[in-house]
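Asks: Provided herewith is a single structure, encoded as structure tokens, for subsequent inquiry.
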Amino acid sequence: DTAVSQTPKYLVTQMGNDKSIKCEQNLGHDTMYWYKQDSKKFLKIMFSYNNKELIINETVPNRFSPKSPDKAHLNLHINSLELGDSAVYFCASSQFETQYFGPGTRLLVL
Amino acid sequence: GQSLEQPSEVTAVEGAIVQINCTYQTSGFYGLSWYQQHDGGAPTFLSYNALDGLEETGRFSSFLSRSDSYGYLLLQELQMKDSASYFCAVRESGNNNDMRFGAGTRLTVKP
């Protein structure tokens with residue numbers, strides 16, 4: 001059974017489009033996260049949700065909006081995609097110190 | 001400011017021992033974690049140190065010195081499959097328990 005899953009795995013789209021990435025965890029964790037990993041492998045936290053409440057909102061553009069319909073899901077919606085949004089986006093969940101990452105979504109904006 | 005410093009690249013041969021250092025500067029501190037990421041894969045948890053000292057898990061060990069704001073990951077009996085990027089990460093107290101990652105150390109294991 002997959003602990004943290006993301007869809008889609010690959011996403012190729014044009015500038016200006018709106019896209020969503022879905023994430024689900026079946027670990028029963030209270031906190032979920034979205035990370036962005038750029039081409040230089042730098043891993044930066046974007047958002048986290050704890051019991052459906054946003055507790056971290058890093059300085060990301062407001063074109064990015066997390067949506068959590070329930071504790072097991074944290075989706076990421078991106079409006080008006082830009083070239084610089086091309087990266088790998090990882091969803092993760094945690095209960096204590098260990099973070100469990102999803103397989104990543106490779107986004108390429110053309 | 002808040003930062004984590006680790007070497008960008010390390011190269012070693014099979015069977016050797018390698019140490020990847022991490023120094024951190026944070027406003028508050030809970031503990032130091034290490035993650036491994038293979039090319040094309042997701043980061044996976046290796047270890048966590050909240051207290052000073054050495055934690056051993058098989059071929060991998062992790063060390064923390066809170067007074068020196070320093071830790072390291074020690075990999076013994078290196079295998080080719082250990083070639084990957086290794087990230088240190090800190091959880092900061094007083095900042096929504098934010099988890100911050102270092103830039104990663106690319107380890108290449110050669111035959």
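By convention in this document, the chains of the structure tokens carry letters A, B, ... by their order, each chain's residues are numbered from 1, and ligands are numbered from 1 in the order they are shown.
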Taking only C-alpha atoms into account, produce a table as JSON lines in which each residue of range 61-92 of chain A with an atom at most 6 Å from an atom of range 4-25 of chain A appears once, together with its shortest atom pair and the distance in Å to one decimal, ordered by chain and rising number.
Replies:
{"residue": "A:Ala72", "atom": "CA", "partner": "A:Gln25", "partner_atom": "CA", "distance": 5.2}
{"residue": "A:His73", "atom": "CA", "partner": "A:Glu24", "partner_atom": "CA", "distance": 4.5}
{"residue": "A:Leu74", "atom": "CA", "partner": "A:Cys23", "partner_atom": "CA", "distance": 5.4}
{"residue": "A:Asn75", "atom": "CA", "partner": "A:Lys22", "partner_atom": "CA", "distance": 4.5}
{"residue": "A:Leu76", "atom": "CA", "partner": "A:Ile21", "partner_atom": "CA", "distance": 5.1}
{"residue": "A:His77", "atom": "CA", "partner": "A:Ser20", "partner_atom": "CA", "distance": 4.3}
{"residue": "A:Ile78", "atom": "CA", "partner": "A:Lys19", "partner_atom": "CA", "distance": 5.4}
{"residue": "A:Asn79", "atom": "CA", "partner": "A:Asp18", "partner_atom": "CA", "distance": 4.4}
{"residue": "A:Ser80", "atom": "CA", "partner": "A:Gly16", "partner_atom": "CA", "distance": 4.0}
{"residue": "A:Leu81", "atom": "CA", "partner": "A:Gly16", "partner_atom": "CA", "distance": 4.8}
{"residue": "A:Glu82", "atom": "CA", "partner": "A:Met15", "partner_atom": "CA", "distance": 5.2}
Asks: DSSP on the backbone, strand (DSSP E or B) only: what residues of chain A does that give? Format it as a ChimeraX atom specification.
Replies: /A:4-7,10-13,19-25,31-37,43-50,53-57,64-70,73-78,87-94,99-101,105-109
Asks: As an exercise, work out the distance from CA of Leu75 in chain B to CA of Gly53 in chain B in Å and give it to one decimal place.
Replies: 16.0 Å
Asks: Report as a Markdown table: every residue of chain A with an atom at most 8 Å from chain B, its closest pair of atoms, and their distance in Å to one decimal, counting only C-alpha atoms, with rows sorted by chain and ascending residue number.
Replies:
| residue | atom | partner | partner_atom | distance |
| --- | --- | --- | --- | --- |
| A:Lys41 | CA | B:Ala103 | CA | 7.0 |
| A:Phe42 | CA | B:Ala103 | CA | 5.1 |
| A:Leu43 | CA | B:Phe101 | CA | 6.3 |
| A:Lys44 | CA | B:Phe101 | CA | 7.0 |
| A:Ile45 | CA | B:Arg100 | CA | 7.3 |
| A:Ile55 | CA | B:Asn96 | CA | 6.6 |
| A:Ile56 | CA | B:Asn96 | CA | 6.6 |
| A:Phe90 | CA | B:Ala42 | CA | 7.6 |
| A:Glu97 | CA | B:Tyr48 | CA | 7.3 |
| A:Thr98 | CA | B:Phe45 | CA | 6.4 |
| A:Gln99 | CA | B:Phe45 | CA | 6.7 |
| A:Tyr100 | CA | B:Thr44 | CA | 6.8 |
| A:Phe101 | CA | B:Ala42 | CA | 6.2 |
| A:Gly102 | CA | B:Ala42 | CA | 6.6 |
| A:Pro103 | CA | B:Ala42 | CA | 5.3 |
| A:Gly104 | CA | B:Ala42 | CA | 6.5 |
